[in-house]
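Structure first, then comments.
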Amino acid sequence: LAKTTQPISMDSYEGQEVNITCSHNNIATNDYITWYQQFPSQGPRFIIQGYKTKVTNEVASLFIPADRKSSTLSLPRVSLSDTAVYYCLVGDRYSSASKIIFGSGTRLSIRP
Amino acid sequence: SQTIHQWPATLVQPVGSPLSLECTVEGTSNPNLYWYRQAAGRGLQLLFYSVGIGQISSEVPQNLSASRPQDRQFILSSKKLLLSDSGFYLCAWSVPGRFYEQYFGPGTRLTVT
């Protein structure tokens with residue numbers, strides 16, 4: 001079971017690029033890396049998913065090094081509305097939901 | 001487009017009372033369905049998931065149960081609530097065969113008194 005470790009909290013300012021790193025030393029061959037964003041009193045929102053190298057969408061980029069033991073969620077030019085908790089999940093996206101774990105996440109605070 | 005509904009939005013129930021939370025999904029067929037609970041300031045805990053009608057997998061032993069009477073309906077129940085059942089209950093769906101890309105409903109805030 002691939003356990004993930006993220007910073008508990010991060011602070012940044014509007015307009016900056018924010019990088020949140022997730023460690024997953026025991027990631028398995030079939031595991032994907034998935035990130036979610038959660039605002040207070042709302043359900044999480046799927047942001048991005050990747051297996052290796054780099055994935056980019058309209059919201060964020062996900063960087064995964066060759067050894068896949070960590071990953072970095074990159075949020076370009078953040079705004080106040082990016083203040084949220086970000087969760088990193090690791091698992092085989094095709095096999096089962098039984099190992100899905102949302103940890104404590106990273107609480108990102110954006111200041112003016 | 002797909003839409004997921006949960007109700008009620010908030011609920012205050014006394015200890016020992018029954019519980020029924022409902023979740024429905026529109027715009028998709030045969031979705032995977034999930035129930036999560038989130039305690040205050042904590043991460044999400046997967047309670048149940050279902051890959052089809054009548055197929056329920058329980059992830060955490062507790063006094064809660066789940067049922068899927070129709071393809072796009074998922075119900076969370078309890079016969080007798082405990083104080084520890086308080087929390088934010090979230091329903092989610094995903095495409096069949098894909099488990100990590102989930103789409104969440106608005107949630108139900110349950111307070112057991």
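Here's how to read the names in the structure tokens: chain A, B, ... by the order shown, residue numbers from 1 in each chain, ligand numbers from 1 in the order shown.
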Can you list every residue of chain A that has an atom at most 10 Å from chain B, with its nearest atom pair and the distance in Å to one decimal, using only C-alpha atoms, ordered by chain then number, as a Markdown table?
```
| residue | atom | partner | partner_atom | distance |
| --- | --- | --- | --- | --- |
| A:Tyr32 | CA | B:Tyr100 | CA | 8.5 |
| A:Ile33 | CA | B:Tyr100 | CA | 8.8 |
| A:Thr34 | CA | B:Tyr100 | CA | 6.9 |
| A:Trp35 | CA | B:Glu101 | CA | 9.1 |
| A:Tyr36 | CA | B:Glu101 | CA | 9.1 |
| A:Pro40 | CA | B:Gly41 | CA | 9.6 |
| A:Ser41 | CA | B:Gly107 | CA | 7.8 |
| A:Gln42 | CA | B:Pro106 | CA | 5.7 |
| A:Gly43 | CA | B:Phe104 | CA | 5.3 |
| A:Pro44 | CA | B:Phe104 | CA | 6.3 |
| A:Arg45 | CA | B:Tyr103 | CA | 6.6 |
| A:Phe46 | CA | B:Glu101 | CA | 6.4 |
| A:Ile47 | CA | B:Glu101 | CA | 8.9 |
| A:Ile48 | CA | B:Glu101 | CA | 8.6 |
| A:Gln49 | CA | B:Glu101 | CA | 7.9 |
| A:Val85 | CA | B:Gly43 | CA | 9.5 |
| A:Tyr87 | CA | B:Gly43 | CA | 8.5 |
| A:Leu89 | CA | B:Tyr100 | CA | 8.0 |
| A:Val90 | CA | B:Tyr100 | CA | 8.6 |
| A:Gly91 | CA | B:Tyr100 | CA | 7.6 |
| A:Asp92 | CA | B:Tyr100 | CA | 8.0 |
| A:Arg93 | CA | B:Phe99 | CA | 5.1 |
| A:Tyr94 | CA | B:Arg98 | CA | 5.1 |
| A:Ser95 | CA | B:Gly97 | CA | 7.3 |
| A:Ser96 | CA | B:Phe99 | CA | 6.3 |
| A:Ala97 | CA | B:Phe99 | CA | 5.5 |
| A:Ser98 | CA | B:Glu59 | CA | 6.7 |
| A:Lys99 | CA | B:Glu59 | CA | 8.9 |
| A:Ile100 | CA | B:Leu46 | CA | 7.2 |
| A:Ile101 | CA | B:Gln45 | CA | 7.0 |
| A:Phe102 | CA | B:Leu44 | CA | 5.3 |
| A:Gly103 | CA | B:Gly43 | CA | 5.2 |
| A:Ser104 | CA | B:Gly43 | CA | 4.6 |
| A:Gly105 | CA | B:Gly43 | CA | 6.9 |
```
Practice item. Using only C-alpha atoms, determine which residues lie at most 9 Å from range 59-70 of chain A, disregarding the query and same-chain residues fewer than 5 positions distant; provide the list as number ranges by chain. Key: A: 4, 21-27, 33, 35, 47-54, 75-76
Exercise for review: Show which residues sit within 12 Å of Asp82 in chain A, as a PyMOL selection string. Count only C-alpha atoms, and ignore same-chain residues fewer than 2 positions away.
Suggested key: chain A and resi 10-18+37-40+47+59-60+74-80+84-86+107-112
Check your understanding: Expressed in Å to a single decimal, how great is the separation between CA of Gly54 in chain B and CA of Arg68 in chain B?
Key -> 5.4 Å
Check your understanding: Counting only C-alpha atoms, what is within 7 Å of Ser65 in chain B, bar same-chain residues fewer than 5 positions away, as a PyMOL selection string?
Key -> chain B and resi 76-78
Saved selection, atoms kept: N, CA, C and O atoms, as a PDB file, in the first residue's frame:
```pdb
ATOM      1  N   LEU B  76     -27.072   5.663   2.291  1.00  0.00           N
ATOM      2  CA  LEU B  76     -26.304   5.374   3.502  1.00  0.00           C
ATOM      3  C   LEU B  76     -27.271   5.356   4.676  1.00  0.00           C
ATOM      4  O   LEU B  76     -28.059   6.289   4.836  1.00  0.00           O
ATOM      5  N   SER B  77     -27.190   4.311   5.489  1.00  0.00           N
ATOM      6  CA  SER B  77     -28.165   4.152   6.571  1.00  0.00           C
ATOM      7  C   SER B  77     -27.494   3.754   7.864  1.00  0.00           C
ATOM      8  O   SER B  77     -26.373   3.246   7.881  1.00  0.00           O
ATOM      9  N   SER B  78     -28.235   4.002   8.927  1.00  0.00           N
ATOM     10  CA  SER B  78     -27.859   3.504  10.240  1.00  0.00           C
ATOM     11  C   SER B  78     -29.138   3.236  11.028  1.00  0.00           C
ATOM     12  O   SER B  78     -30.101   3.987  10.917  1.00  0.00           O
TER      13      SER B  78
END
```
**Study point:** Coordinates-based distance that separates CA of Asn30 in chain A from CA of Ala66 in chain B (Å, one decimal)
**Key:** 29.3 Å
Review point. Within 10 Å of Gln70 in chain B, counting only C-alpha atoms, which residues qualify if same-chain residues fewer than 6 places away don't, as an NGL selection string?
Key: :B and (24 or 30 or 52-54)
Keeping only C-alpha atoms, write those residues as a tab-separated table (two decimals), in the first residue's frame.
```tsv
chain	number	residue	atom	x	y	z
B	24	THR	CA	-28.38	10.21	-6.91
B	30	ASN	CA	-23.57	2.18	-14.31
B	52	GLY	CA	-23.24	-2.08	-9.56
B	53	ILE	CA	-26.78	-2.55	-8.27
B	54	GLY	CA	-26.76	-4.58	-5.09
```
Point to revise | Nearby residues (only C-alpha atoms) at most 10 Å from Gln2 in chain B, same-chain spacing under 3 positions excluded, as a PyMOL selection string | key: chain B and resi 25-29+93+103
Could you write out that same residue set with all heavy atoms as a PDB file, in the first residue's frame?
```pdb
ATOM      1  N   VAL B  25     -27.245  10.184  -9.011  1.00  0.00           N
ATOM      2  CA  VAL B  25     -26.395  10.688 -10.079  1.00  0.00           C
ATOM      3  C   VAL B  25     -27.219  10.748 -11.356  1.00  0.00           C
ATOM      4  O   VAL B  25     -28.019   9.839 -11.633  1.00  0.00           O
ATOM      5  CB  VAL B  25     -25.163   9.781 -10.284  1.00  0.00           C
ATOM      6  CG1 VAL B  25     -24.281  10.317 -11.396  1.00  0.00           C
ATOM      7  CG2 VAL B  25     -24.379   9.667  -8.981  1.00  0.00           C
ATOM      8  N   GLU B  26     -27.033  11.793 -12.113  1.00  0.00           N
ATOM      9  CA  GLU B  26     -27.707  11.947 -13.405  1.00  0.00           C
ATOM     10  C   GLU B  26     -26.687  12.061 -14.519  1.00  0.00           C
ATOM     11  O   GLU B  26     -25.569  12.532 -14.310  1.00  0.00           O
ATOM     12  CB  GLU B  26     -28.578  13.210 -13.382  1.00  0.00           C
ATOM     13  CG  GLU B  26     -29.703  13.197 -12.375  1.00  0.00           C
ATOM     14  CD  GLU B  26     -30.466  14.505 -12.344  1.00  0.00           C
ATOM     15  OE1 GLU B  26     -30.060  15.444 -13.062  1.00  0.00           O
ATOM     16  OE2 GLU B  26     -31.463  14.598 -11.610  1.00  0.00           O
ATOM     17  N   GLY B  27     -27.073  11.607 -15.699  1.00  0.00           N
ATOM     18  CA  GLY B  27     -26.247  11.820 -16.871  1.00  0.00           C
ATOM     19  C   GLY B  27     -25.181  10.782 -17.130  1.00  0.00           C
ATOM     20  O   GLY B  27     -24.304  10.994 -17.971  1.00  0.00           O
ATOM     21  N   THR B  28     -25.235   9.672 -16.425  1.00  0.00           N
ATOM     22  CA  THR B  28     -24.273   8.599 -16.648  1.00  0.00           C
ATOM     23  C   THR B  28     -24.930   7.271 -16.297  1.00  0.00           C
ATOM     24  O   THR B  28     -25.917   7.237 -15.556  1.00  0.00           O
ATOM     25  CB  THR B  28     -22.999   8.808 -15.807  1.00  0.00           C
ATOM     26  OG1 THR B  28     -22.033   7.809 -16.171  1.00  0.00           O
ATOM     27  CG2 THR B  28     -23.276   8.725 -14.323  1.00  0.00           C
ATOM     28  N   SER B  29     -24.397   6.193 -16.839  1.00  0.00           N
ATOM     29  CA  SER B  29     -24.951   4.872 -16.570  1.00  0.00           C
ATOM     30  C   SER B  29     -23.915   3.984 -15.895  1.00  0.00           C
ATOM     31  O   SER B  29     -22.721   4.088 -16.170  1.00  0.00           O
ATOM     32  CB  SER B  29     -25.385   4.201 -17.882  1.00  0.00           C
ATOM     33  OG  SER B  29     -26.427   4.924 -18.491  1.00  0.00           O
ATOM     34  N   TRP B  93     -19.077   9.734  -7.478  1.00  0.00           N
ATOM     35  CA  TRP B  93     -19.222   8.751  -8.549  1.00  0.00           C
ATOM     36  C   TRP B  93     -17.973   8.776  -9.421  1.00  0.00           C
ATOM     37  O   TRP B  93     -17.207   9.742  -9.432  1.00  0.00           O
ATOM     38  CB  TRP B  93     -20.470   9.027  -9.396  1.00  0.00           C
ATOM     39  CG  TRP B  93     -20.361  10.234 -10.288  1.00  0.00           C
ATOM     40  CD1 TRP B  93     -20.650  11.526  -9.959  1.00  0.00           C
ATOM     41  CD2 TRP B  93     -19.920  10.246 -11.647  1.00  0.00           C
ATOM     42  NE1 TRP B  93     -20.403  12.347 -11.038  1.00  0.00           N
ATOM     43  CE2 TRP B  93     -19.961  11.594 -12.090  1.00  0.00           C
ATOM     44  CE3 TRP B  93     -19.511   9.257 -12.548  1.00  0.00           C
ATOM     45  CZ2 TRP B  93     -19.599  11.965 -13.374  1.00  0.00           C
ATOM     46  CZ3 TRP B  93     -19.151   9.640 -13.825  1.00  0.00           C
ATOM     47  CH2 TRP B  93     -19.200  10.984 -14.224  1.00  0.00           C
ATOM     48  N   TYR B 103     -16.016  12.222  -8.759  1.00  0.00           N
ATOM     49  CA  TYR B 103     -16.723  13.502  -8.762  1.00  0.00           C
ATOM     50  C   TYR B 103     -17.693  13.491  -7.587  1.00  0.00           C
ATOM     51  O   TYR B 103     -18.523  12.589  -7.465  1.00  0.00           O
ATOM     52  CB  TYR B 103     -17.411  13.711 -10.107  1.00  0.00           C
ATOM     53  CG  TYR B 103     -16.397  13.748 -11.219  1.00  0.00           C
ATOM     54  CD1 TYR B 103     -16.031  12.583 -11.892  1.00  0.00           C
ATOM     55  CD2 TYR B 103     -15.746  14.927 -11.541  1.00  0.00           C
ATOM     56  CE1 TYR B 103     -15.059  12.601 -12.879  1.00  0.00           C
ATOM     57  CE2 TYR B 103     -14.775  14.960 -12.527  1.00  0.00           C
ATOM     58  CZ  TYR B 103     -14.430  13.795 -13.191  1.00  0.00           C
ATOM     59  OH  TYR B 103     -13.444  13.826 -14.145  1.00  0.00           O
TER      60      TYR B 103
END
```
